[in-house]
>>> print(open('run-v1.cif').read())   # mmCIF, C-alpha atoms and all ligand atoms
data_protein
#
loop_
_atom_site.group_PDB
_atom_site.id
_atom_site.type_symbol
_atom_site.label_atom_id
_atom_site.label_comp_id
_atom_site.auth_asym_id
_atom_site.auth_seq_id
_atom_site.Cartn_x
_atom_site.Cartn_y
_atom_site.Cartn_z
ATOM 1 C CA MET A 28 7.309 31.209 -9.774
ATOM 2 C CA LEU A 29 5.479 33.921 -11.624
ATOM 3 C CA LYS A 30 2.843 34.798 -9.132
ATOM 4 C CA ASP A 31 0.760 37.928 -9.017
ATOM 5 C CA ASP A 32 1.742 39.036 -12.460
ATOM 6 C CA LEU A 33 -1.796 39.021 -13.756
ATOM 7 C CA GLN A 34 -4.338 41.338 -12.308
ATOM 8 C CA PRO A 35 -7.778 40.477 -13.636
ATOM 9 C CA GLU A 36 -9.768 41.905 -10.771
ATOM 10 C CA ARG A 37 -7.941 45.073 -10.164
ATOM 11 C CA GLU A 38 -9.915 48.218 -10.673
ATOM 12 C CA VAL A 39 -8.072 51.164 -12.013
ATOM 13 C CA LEU A 40 -8.640 54.513 -13.526
ATOM 14 C CA ALA A 41 -8.056 54.796 -17.207
ATOM 15 C CA ALA A 42 -5.920 57.813 -17.705
ATOM 16 C CA TRP A 43 -2.715 58.351 -19.507
ATOM 17 C CA GLY A 44 -0.531 61.340 -19.145
ATOM 18 C CA GLY A 45 0.289 64.013 -21.593
ATOM 19 C CA LEU A 46 -3.008 64.381 -23.371
ATOM 20 C CA SER A 47 -5.361 66.935 -22.072
ATOM 21 C CA LYS A 48 -9.080 66.422 -21.916
ATOM 22 C CA GLY A 49 -10.701 67.107 -25.237
ATOM 23 C CA SER A 50 -7.639 66.493 -27.335
ATOM 24 C CA ALA A 51 -7.698 63.834 -30.020
ATOM 25 C CA GLY A 52 -6.736 60.382 -28.820
ATOM 26 C CA GLN A 53 -5.881 57.094 -30.413
ATOM 27 C CA THR A 54 -9.267 56.746 -32.010
ATOM 28 C CA GLY A 55 -9.894 60.406 -32.490
ATOM 29 C CA LYS A 56 -12.147 60.447 -29.438
ATOM 30 C CA ASP A 57 -11.839 62.561 -26.366
ATOM 31 C CA SER A 58 -9.189 61.822 -23.809
ATOM 32 C CA LEU A 59 -10.114 58.972 -21.487
ATOM 33 C CA ALA A 60 -8.600 60.617 -18.460
ATOM 34 C CA GLY A 61 -10.656 60.092 -15.381
ATOM 35 C CA LYS A 62 -13.130 57.530 -16.736
ATOM 36 C CA ASP A 63 -13.953 54.645 -14.470
ATOM 37 C CA ASP A 64 -12.682 51.249 -15.478
ATOM 38 C CA THR A 65 -15.836 49.264 -14.806
ATOM 39 C CA ILE A 66 -15.283 45.696 -15.854
ATOM 40 C CA LYS A 67 -18.081 44.109 -17.837
ATOM 41 C CA PRO A 68 -19.179 40.552 -17.132
ATOM 42 C CA GLY A 69 -18.244 37.924 -19.617
ATOM 43 C CA GLY A 70 -14.790 36.915 -20.467
ATOM 44 C CA SER A 71 -12.040 36.209 -22.888
ATOM 45 C CA GLU A 72 -9.137 33.826 -22.746
ATOM 46 C CA ILE A 73 -5.474 34.249 -23.455
ATOM 47 C CA ASN A 74 -2.783 31.573 -23.301
ATOM 48 C CA ILE A 75 0.774 32.084 -22.125
ATOM 49 C CA VAL A 76 3.195 29.581 -23.619
ATOM 50 C CA SER A 77 6.918 28.934 -23.584
ATOM 51 C CA PRO A 78 8.945 29.628 -26.758
ATOM 52 C CA ASP A 79 8.651 25.903 -27.502
ATOM 53 C CA GLY A 80 4.882 26.091 -27.415
ATOM 54 C CA ILE A 81 4.307 24.499 -24.011
ATOM 55 C CA LEU A 82 1.318 25.925 -22.189
ATOM 56 C CA LEU A 83 2.406 27.739 -19.031
ATOM 57 C CA ARG A 84 -0.867 29.346 -18.051
ATOM 58 C CA LYS A 85 -4.343 29.709 -19.375
ATOM 59 C CA PHE A 86 -5.770 32.993 -18.325
ATOM 60 C CA LYS A 87 -9.333 34.226 -18.336
ATOM 61 C CA TYR A 88 -10.089 37.857 -17.928
ATOM 62 C CA ALA A 89 -13.093 40.093 -17.832
ATOM 63 C CA ASP A 90 -13.852 41.589 -21.179
ATOM 64 C CA ALA A 91 -13.814 45.337 -20.805
ATOM 65 C CA GLY A 92 -15.517 45.757 -24.123
ATOM 66 C CA SER A 93 -12.715 47.653 -25.731
ATOM 67 C CA SER A 94 -11.493 45.129 -28.302
ATOM 68 C CA GLY A 95 -12.185 46.355 -31.760
ATOM 69 C CA GLY A 96 -12.714 49.904 -30.774
ATOM 70 C CA TYR A 97 -13.508 52.464 -28.215
ATOM 71 C CA THR A 98 -16.475 52.059 -25.929
ATOM 72 C CA GLN A 99 -17.608 55.118 -24.092
ATOM 73 C CA GLY A 100 -16.865 54.840 -20.413
ATOM 74 C CA TYR A 101 -14.325 52.042 -20.729
ATOM 75 C CA PRO A 102 -10.594 52.255 -20.960
ATOM 76 C CA ASP A 103 -9.041 52.025 -24.342
ATOM 77 C CA TYR A 104 -6.432 49.331 -24.045
ATOM 78 C CA ALA A 105 -4.838 50.579 -27.192
ATOM 79 C CA ASN A 106 -2.966 52.951 -24.941
ATOM 80 C CA TYR A 107 -3.113 51.394 -21.539
ATOM 81 C CA ILE A 108 -2.261 48.226 -19.617
ATOM 82 C CA ARG A 109 -4.824 47.161 -17.069
ATOM 83 C CA GLY A 110 -3.533 47.694 -13.544
ATOM 84 C CA TYR A 111 -0.680 49.992 -14.540
ATOM 85 C CA PRO A 112 -0.145 53.378 -12.945
ATOM 86 C CA THR A 113 -1.622 56.376 -14.664
ATOM 87 C CA ASP A 114 0.253 59.177 -12.978
ATOM 88 C CA ASP A 115 1.713 62.043 -14.954
ATOM 89 C CA THR A 116 4.879 61.930 -12.836
ATOM 90 C CA ILE A 117 7.033 59.052 -11.649
ATOM 91 C CA VAL A 118 9.648 59.084 -8.904
ATOM 92 C CA GLY A 119 12.808 57.008 -8.748
ATOM 93 C CA ASP A 120 16.571 57.010 -8.637
ATOM 94 C CA PHE A 121 17.218 56.862 -12.353
ATOM 95 C CA ASN A 122 20.904 57.839 -12.258
ATOM 96 C CA GLY A 123 21.889 55.733 -9.254
ATOM 97 C CA ASP A 124 23.232 58.548 -7.087
ATOM 98 C CA GLY A 125 21.109 57.468 -4.130
ATOM 99 C CA LYS A 126 18.722 60.411 -4.425
ATOM 100 C CA LEU A 127 15.198 60.248 -5.773
ATOM 101 C CA GLU A 128 14.178 62.460 -8.684
ATOM 102 C CA LYS A 129 10.921 63.087 -10.496
ATOM 103 C CA ALA A 130 10.340 62.369 -14.164
ATOM 104 C CA TRP A 131 7.524 63.575 -16.395
ATOM 105 C CA PHE A 132 6.712 63.931 -20.062
ATOM 106 C CA LYS A 133 7.064 67.360 -21.520
ATOM 107 C CA ASP A 134 3.653 68.643 -22.532
ATOM 108 C CA ARG A 135 3.976 69.362 -26.214
ATOM 109 C CA GLY A 136 0.496 70.842 -26.485
ATOM 110 C CA GLN A 137 -2.352 70.360 -28.907
ATOM 111 C CA ASP A 138 -0.607 72.083 -31.817
ATOM 112 C CA ASN A 139 2.247 69.645 -31.618
ATOM 113 C CA PHE A 140 -0.150 66.753 -31.395
ATOM 114 C CA ASN A 141 -1.968 67.923 -34.499
ATOM 115 C CA ASP A 142 1.368 68.331 -36.238
ATOM 116 C CA CYS A 143 2.208 64.752 -35.317
ATOM 117 C CA GLN A 144 -1.068 63.452 -36.711
ATOM 118 C CA GLN A 145 -0.580 65.290 -39.977
ATOM 119 C CA LYS A 146 3.062 64.418 -40.523
ATOM 120 C CA ALA A 147 3.096 61.022 -38.817
ATOM 121 C CA ALA A 148 6.867 61.360 -38.590
ATOM 122 C CA ALA A 149 9.189 60.404 -35.774
ATOM 123 C CA GLY A 150 10.424 63.903 -35.142
ATOM 124 C CA ALA A 151 6.947 65.410 -35.085
ATOM 125 C CA CYS A 152 5.693 62.745 -32.717
ATOM 126 C CA ARG A 153 8.418 62.597 -30.111
ATOM 127 C CA GLY A 154 7.669 62.059 -26.477
ATOM 128 C CA ILE A 155 10.229 63.670 -24.189
ATOM 129 C CA ILE A 156 10.767 62.691 -20.563
ATOM 130 C CA GLN A 157 12.508 65.299 -18.444
ATOM 131 C CA PHE A 158 13.864 65.033 -14.921
ATOM 132 C CA SER A 159 13.951 67.167 -11.805
ATOM 133 C CA GLU A 160 17.663 66.287 -11.552
ATOM 134 C CA LYS A 161 18.927 68.493 -14.357
ATOM 135 C CA SER A 162 22.112 66.537 -14.930
ATOM 136 C CA ILE A 163 20.109 63.600 -16.268
ATOM 137 C CA ARG A 164 19.769 63.790 -20.006
ATOM 138 C CA LYS A 165 16.232 63.955 -21.401
ATOM 139 C CA LEU A 166 14.806 60.683 -22.653
ATOM 140 C CA VAL A 167 13.470 61.132 -26.191
ATOM 141 C CA ILE A 168 11.137 58.539 -27.682
ATOM 142 C CA ASP A 169 10.104 58.672 -31.317
ATOM 143 C CA TYR A 170 6.509 57.955 -32.303
ATOM 144 C CA CYS A 171 5.296 58.642 -28.815
ATOM 145 C CA PRO A 172 2.719 61.453 -29.026
ATOM 146 C CA MET A 173 0.945 60.037 -25.945
ATOM 147 C CA TRP A 174 2.097 57.562 -23.380
ATOM 148 C CA MET A 175 1.838 55.522 -20.249
ATOM 149 C CA PHE A 176 4.991 55.090 -18.193
ATOM 150 C CA LYS A 177 6.183 53.527 -14.995
ATOM 151 C CA ASN A 178 9.179 53.172 -12.713
ATOM 152 C CA GLU A 179 10.067 49.523 -13.232
ATOM 153 C CA GLY A 180 12.460 49.448 -10.290
ATOM 154 C CA ASP A 181 16.029 48.243 -10.629
ATOM 155 C CA ILE A 182 15.374 45.281 -12.902
ATOM 156 C CA ASN A 183 18.949 44.812 -14.094
ATOM 157 C CA CYS A 184 20.476 45.209 -10.625
ATOM 158 C CA ASP A 185 22.839 48.059 -11.502
ATOM 159 C CA GLY A 186 21.640 50.396 -8.742
ATOM 160 C CA LYS A 187 19.446 52.529 -11.010
ATOM 161 C CA ASP A 188 15.714 52.353 -11.625
ATOM 162 C CA GLU A 189 14.509 51.563 -15.120
ATOM 163 C CA ILE A 190 11.652 53.327 -16.898
ATOM 164 C CA GLY A 191 9.006 51.371 -18.808
ATOM 165 C CA VAL A 192 7.096 53.201 -21.541
ATOM 166 C CA LEU A 193 4.076 52.226 -23.599
ATOM 167 C CA PRO A 194 3.854 54.784 -26.394
ATOM 168 C CA GLY A 195 0.383 55.732 -27.501
ATOM 169 C CA TRP A 196 -0.195 55.857 -31.209
ATOM 170 C CA PHE A 197 -3.133 56.358 -33.521
ATOM 171 C CA THR A 198 -2.653 53.859 -36.312
ATOM 172 C CA SER A 199 -3.520 50.485 -34.819
ATOM 173 C CA ALA A 200 -3.562 48.409 -31.638
ATOM 174 C CA CYS A 201 0.036 47.239 -32.201
ATOM 175 C CA ARG A 202 2.466 48.493 -29.610
ATOM 176 C CA ASP A 203 5.979 47.902 -28.413
ATOM 177 C CA TYR A 204 6.719 48.246 -24.719
ATOM 178 C CA TYR A 205 10.123 49.772 -23.987
ATOM 179 C CA VAL A 206 12.338 49.506 -20.915
ATOM 180 C CA PHE A 207 14.981 52.227 -20.677
ATOM 181 C CA THR A 208 18.029 52.422 -18.469
ATOM 182 C CA TYR A 209 20.467 55.281 -17.954
ATOM 183 C CA GLU A 210 23.956 54.145 -18.878
ATOM 184 C CA LYS A 211 27.012 56.401 -18.931
ATOM 185 C CA GLY A 212 24.963 59.520 -19.516
ATOM 186 C CA LYS A 213 22.781 58.009 -22.237
ATOM 187 C CA TRP A 214 19.391 56.367 -22.307
ATOM 188 C CA ILE A 215 19.452 52.918 -23.836
ATOM 189 C CA THR A 216 16.889 50.143 -24.042
ATOM 190 C CA SER A 217 17.576 47.387 -21.527
ATOM 191 C CA CYS A 218 16.141 44.725 -23.817
ATOM 192 C CA PRO A 219 14.570 44.559 -27.277
ATOM 193 C CA PRO A 220 11.151 46.224 -27.509
ATOM 194 C CA VAL A 221 8.398 43.902 -26.324
ATOM 195 C CA SER A 222 5.536 43.338 -28.763
ATOM 196 C CA SER A 223 2.215 43.905 -27.099
ATOM 197 C CA SER A 224 -1.268 43.156 -28.412
ATOM 198 C CA MET A 225 -4.358 44.929 -27.203
ATOM 199 C CA ASN A 226 -5.925 41.819 -25.666
ATOM 200 C CA MET A 227 -2.757 41.235 -23.674
ATOM 201 C CA ARG A 228 -2.961 44.746 -22.297
ATOM 202 C CA GLU A 229 -6.665 44.352 -21.655
ATOM 203 C CA ALA A 230 -5.926 41.186 -19.681
ATOM 204 C CA GLY A 231 -3.388 43.094 -17.581
ATOM 205 C CA ILE A 232 -0.464 40.887 -18.546
ATOM 206 C CA VAL A 233 2.793 42.434 -17.397
ATOM 207 C CA PRO A 234 5.114 42.746 -20.418
ATOM 208 C CA GLY A 235 8.375 42.658 -18.501
ATOM 209 C CA GLU A 236 9.538 42.255 -14.930
ATOM 210 C CA LYS A 237 12.589 41.393 -12.893
ATOM 211 C CA ASP A 238 13.477 37.718 -12.794
ATOM 212 C CA THR A 239 13.987 37.317 -9.085
ATOM 213 C CA THR A 240 15.647 33.926 -9.539
ATOM 214 C CA ASN A 241 18.249 35.071 -12.092
ATOM 215 C CA LYS A 242 20.127 38.269 -11.342
ATOM 216 C CA GLY A 243 20.336 40.616 -14.307
ATOM 217 C CA TYR A 244 17.568 38.867 -16.211
ATOM 218 C CA ALA A 245 13.970 39.815 -16.905
ATOM 219 C CA ILE A 246 10.909 37.770 -17.699
ATOM 220 C CA ILE A 247 9.328 38.995 -20.889
ATOM 221 C CA ARG A 248 5.786 38.324 -22.064
ATOM 222 C CA GLU A 249 5.308 39.154 -25.681
ATOM 223 C CA SER A 250 2.422 38.840 -28.072
ATOM 224 C CA VAL A 251 3.264 36.631 -31.016
ATOM 225 C CA ASP A 252 0.940 38.242 -33.428
ATOM 226 C CA GLY A 253 1.957 37.693 -37.012
ATOM 227 C CA TYR A 254 2.444 41.380 -37.621
ATOM 228 C CA VAL A 255 4.204 42.478 -34.502
ATOM 229 C CA GLY A 256 6.056 39.401 -33.270
ATOM 230 C CA LYS A 257 9.791 39.675 -33.686
ATOM 231 C CA TYR A 258 10.452 36.080 -32.767
ATOM 232 C CA PRO A 259 9.176 34.006 -35.680
ATOM 233 C CA ASN A 260 10.565 30.806 -34.184
ATOM 234 C CA HIS A 261 8.272 31.037 -31.228
ATOM 235 C CA LYS A 262 5.612 28.384 -31.531
ATOM 236 C CA ILE A 263 1.965 28.734 -30.671
ATOM 237 C CA PRO A 264 0.180 25.387 -30.442
ATOM 238 C CA PRO A 265 -2.436 25.124 -33.179
ATOM 239 C CA GLU A 266 -5.241 24.576 -30.693
ATOM 240 C CA TYR A 267 -4.814 28.132 -29.464
ATOM 241 C CA PRO A 268 -6.134 30.693 -31.874
ATOM 242 C CA ASN A 269 -3.710 33.371 -32.894
ATOM 243 C CA LEU A 270 -5.745 35.582 -35.079
ATOM 244 C CA ASN A 271 -2.965 37.451 -36.711
ATOM 245 C CA SER A 272 -4.071 40.788 -35.479
ATOM 246 C CA CYS A 273 -2.883 43.286 -32.947
ATOM 247 C CA SER A 274 -5.945 42.773 -30.814
ATOM 248 C CA GLU A 275 -6.277 39.006 -30.571
ATOM 249 C CA SER A 276 -2.994 37.310 -29.888
ATOM 250 C CA GLN A 277 -1.439 34.720 -27.605
ATOM 251 C CA VAL A 278 1.593 35.394 -25.424
ATOM 252 C CA VAL A 279 5.048 33.830 -25.260
ATOM 253 C CA GLU A 280 6.954 34.084 -21.987
ATOM 254 C CA TYR A 281 10.725 33.897 -21.938
ATOM 255 C CA ARG A 282 13.796 35.156 -20.145
ATOM 256 C CA VAL A 283 16.265 37.748 -21.430
ATOM 257 C CA LYS A 284 19.556 39.051 -20.113
ATOM 258 C CA LEU A 285 19.332 42.782 -19.624
ATOM 259 C CA LYS A 286 21.862 45.425 -20.497
HETATM 260 CA CA CA B 1 19.051 60.026 -8.513
HETATM 261 CA CA CA B 2 18.749 49.305 -13.098
#
>>> encode(input="run-v1.cif", output="structure tokens")
Amino acid sequence: MLKDDLQPEREVLAAWGGLSKGSAGQTGKDSLAGKDDTIKPGGSEINIVSPDGILLRKFKYADAGSSGGYTQGYPDYANYIRGYPTDDTIVGDFNGDGKLEKAWFKDRGQDNFNDCQQKAAAGACRGIIQFSEKSIRKLVIDYCPMWMFKNEGDINCDGKDEIGVLPGWFTSACRDYYVFTYEKGKWITSCPPVSSSMNMREAGIVPGEKDTTNKGYAIIRESVDGYVGKYPNHKIPPEYPNLNSCSESQVVEYRVKLK
């Protein structure tokens, strides 16, 4: 049912938009734009379970050497999902008028990024997506000083493409993945934010996708880390380690109805 959602072998470039080369990144290092994603031998394991704790898939993936910190020459999965696009611009029909438009993050510049780091406040750290179709309202995301984003396609079957965003941040490996949809002139989230651990991103596990067997639903894969999991009733079998961190977590897969 859920085929091709994991992409362990795919080679990609590690680049995320909006942060110019030389500017401070998640770990205070240089931007990773343009580095090759050369997968190291070895491996790690991550388990995908149902909310009841039933094992759905056991997944091995090449260790890219990024867990626990930045390794020169490797992608930093703090801010990136293996196999995801890295373009600065996406194209889609986000307002459902039948015409394609472009979307891109407004470049706020290094001064604004420094301001964000110093103030660590929502308003100082906003990421703003703007559109070539001027009638579409800008999409403003708090605590999003850097980012990776993607056209998710029309997941909720309302004739408009959704936008998925992984905000980059500089405090930890914890992330929420957001899916936005344009509804009556406003941007809203299609579903609750999806908790995402760094090992899940490193493994290339897709956080959310259209459920092709249930119209209007999505399949969500969420880390159940003790700090970031918002579903405390989800059960992880004791034989699978869940190390209570944002970088070593297991994944629960479930279905949600989208707005
Ligand atoms: Ca359009
Ligand atoms: Ca849609």
>>> closest_atom_pairs(input="run-v1.cif", of="chain A", to="ligand CA 2 (chain B)", cutoff="7 Å", atoms="all atoms listed in the file", output="tab-separated table")
residue	atom	partner	partner_atom	distance
A:Gly180	CA	B:CA2	CA	6.9
A:Asp181	CA	B:CA2	CA	3.8
A:Ile182	CA	B:CA2	CA	5.3
A:Asn183	CA	B:CA2	CA	4.6
A:Cys184	CA	B:CA2	CA	5.1
A:Asp185	CA	B:CA2	CA	4.6
A:Gly186	CA	B:CA2	CA	5.3
A:Lys187	CA	B:CA2	CA	3.9
A:Asp188	CA	B:CA2	CA	4.5
A:Glu189	CA	B:CA2	CA	5.2
A:Thr208	CA	B:CA2	CA	6.3
>>> closest_atom_pairs(input="run-v1.cif", of="chain A", to="ligand CA 1 (chain B)", cutoff="7 Å", atoms="all atoms listed in the file", output="JSON lines")
{"residue": "A:Gly119", "atom": "CA", "partner": "B:CA1", "partner_atom": "CA", "distance": 6.9}
{"residue": "A:Asp120", "atom": "CA", "partner": "B:CA1", "partner_atom": "CA", "distance": 3.9}
{"residue": "A:Phe121", "atom": "CA", "partner": "B:CA1", "partner_atom": "CA", "distance": 5.3}
{"residue": "A:Asn122", "atom": "CA", "partner": "B:CA1", "partner_atom": "CA", "distance": 4.7}
{"residue": "A:Gly123", "atom": "CA", "partner": "B:CA1", "partner_atom": "CA", "distance": 5.2}
{"residue": "A:Asp124", "atom": "CA", "partner": "B:CA1", "partner_atom": "CA", "distance": 4.7}
{"residue": "A:Gly125", "atom": "CA", "partner": "B:CA1", "partner_atom": "CA", "distance": 5.5}
{"residue": "A:Lys126", "atom": "CA", "partner": "B:CA1", "partner_atom": "CA", "distance": 4.1}
{"residue": "A:Leu127", "atom": "CA", "partner": "B:CA1", "partner_atom": "CA", "distance": 4.7}
{"residue": "A:Glu128", "atom": "CA", "partner": "B:CA1", "partner_atom": "CA", "distance": 5.4}
>>> atom_distance(input="run-v1.cif", atom1="atom CA of A:Tyr244", atom2="atom CA of A:Leu193")
20.4 Å
>>> resolve_selection(input="run-v1.cif", expression="the PyMOL selection byres (((chain A and resi 213) around 12) and not hetatm)", output="list in words")
Phe121, Asn122, Ser162, Ile163, Arg164, Lys165, Leu166, Val167, Phe207, Thr208, Tyr209, Glu210, Lys211, Gly212, Trp214, Ile215, Thr216 and Ser217 of chain A
>>> residues_near_point(input="run-v1.cif", point="(7.8, 66.5, -15.9)", cutoff="12 Å", atoms="all atoms listed in the file", output="PyMOL selection string")
chain A and resi 44-45+114-118+128-135+154-161+165-166+176
>>> closest_residue(input="run-v1.cif", among="A:Thr240, A:Ser199, A:Asn106, A:Trp174", to="A:Arg228", atoms="only C-alpha atoms")
A:Asn106
>>> closest_residue(input="run-v1.cif", among="A:Gly243, A:Pro220, A:Pro264, A:Pro194", to="A:Ile108", atoms="only C-alpha atoms")
A:Pro194
>>> atom_distance(input="run-v1.cif", atom1="atom CA of A:Tyr107", atom2="atom CA of A:Val279")
19.7 Å
>>> resolve_selection(input="run-v1.cif", expression="the PyMOL selection byres (((chain A and resi 195) around 10) and not hetatm)", output="ChimeraX atom specification")
/A:43,52-53,104-107,154,170-175,192-194,196-203
>>> write_last_selection(input="run-v1.cif", atoms="C-alpha atoms", output="PDB file, keeping the file's coordinate frame")
ATOM      1  CA  TRP A  43      -2.715  58.351 -19.507  1.00  0.00           C
ATOM      2  CA  GLY A  52      -6.736  60.382 -28.820  1.00  0.00           C
ATOM      3  CA  GLN A  53      -5.881  57.094 -30.413  1.00  0.00           C
ATOM      4  CA  TYR A 104      -6.432  49.331 -24.045  1.00  0.00           C
ATOM      5  CA  ALA A 105      -4.838  50.579 -27.192  1.00  0.00           C
ATOM      6  CA  ASN A 106      -2.966  52.951 -24.941  1.00  0.00           C
ATOM      7  CA  TYR A 107      -3.113  51.394 -21.539  1.00  0.00           C
ATOM      8  CA  GLY A 154       7.669  62.059 -26.477  1.00  0.00           C
ATOM      9  CA  TYR A 170       6.509  57.955 -32.303  1.00  0.00           C
ATOM     10  CA  CYS A 171       5.296  58.642 -28.815  1.00  0.00           C
ATOM     11  CA  PRO A 172       2.719  61.453 -29.026  1.00  0.00           C
ATOM     12  CA  MET A 173       0.945  60.037 -25.945  1.00  0.00           C
ATOM     13  CA  TRP A 174       2.097  57.562 -23.380  1.00  0.00           C
ATOM     14  CA  MET A 175       1.838  55.522 -20.249  1.00  0.00           C
ATOM     15  CA  VAL A 192       7.096  53.201 -21.541  1.00  0.00           C
ATOM     16  CA  LEU A 193       4.076  52.226 -23.599  1.00  0.00           C
ATOM     17  CA  PRO A 194       3.854  54.784 -26.394  1.00  0.00           C
ATOM     18  CA  TRP A 196      -0.195  55.857 -31.209  1.00  0.00           C
ATOM     19  CA  PHE A 197      -3.133  56.358 -33.521  1.00  0.00           C
ATOM     20  CA  THR A 198      -2.653  53.859 -36.312  1.00  0.00           C
ATOM     21  CA  SER A 199      -3.520  50.485 -34.819  1.00  0.00           C
ATOM     22  CA  ALA A 200      -3.562  48.409 -31.638  1.00  0.00           C
ATOM     23  CA  CYS A 201       0.036  47.239 -32.201  1.00  0.00           C
ATOM     24  CA  ARG A 202       2.466  48.493 -29.610  1.00  0.00           C
ATOM     25  CA  ASP A 203       5.979  47.902 -28.413  1.00  0.00           C
TER      26      ASP A 203
END
>>> resolve_selection(input="run-v1.cif", expression="the PyMOL selection byres (((chain A and resi 227) around 10) and not hetatm)", output="JSON, numbers by chain")
{"A": [72, 73, 74, 75, 88, 104, 108, 109, 222, 223, 224, 225, 226, 228, 229, 230, 231, 232, 233, 234, 248, 249, 250, 273, 274, 275, 276, 277, 278]}
>>> atom_distance(input="run-v1.cif", atom1="atom CA of A:Pro219", atom2="atom CA of A:Tyr267")
25.5 Å
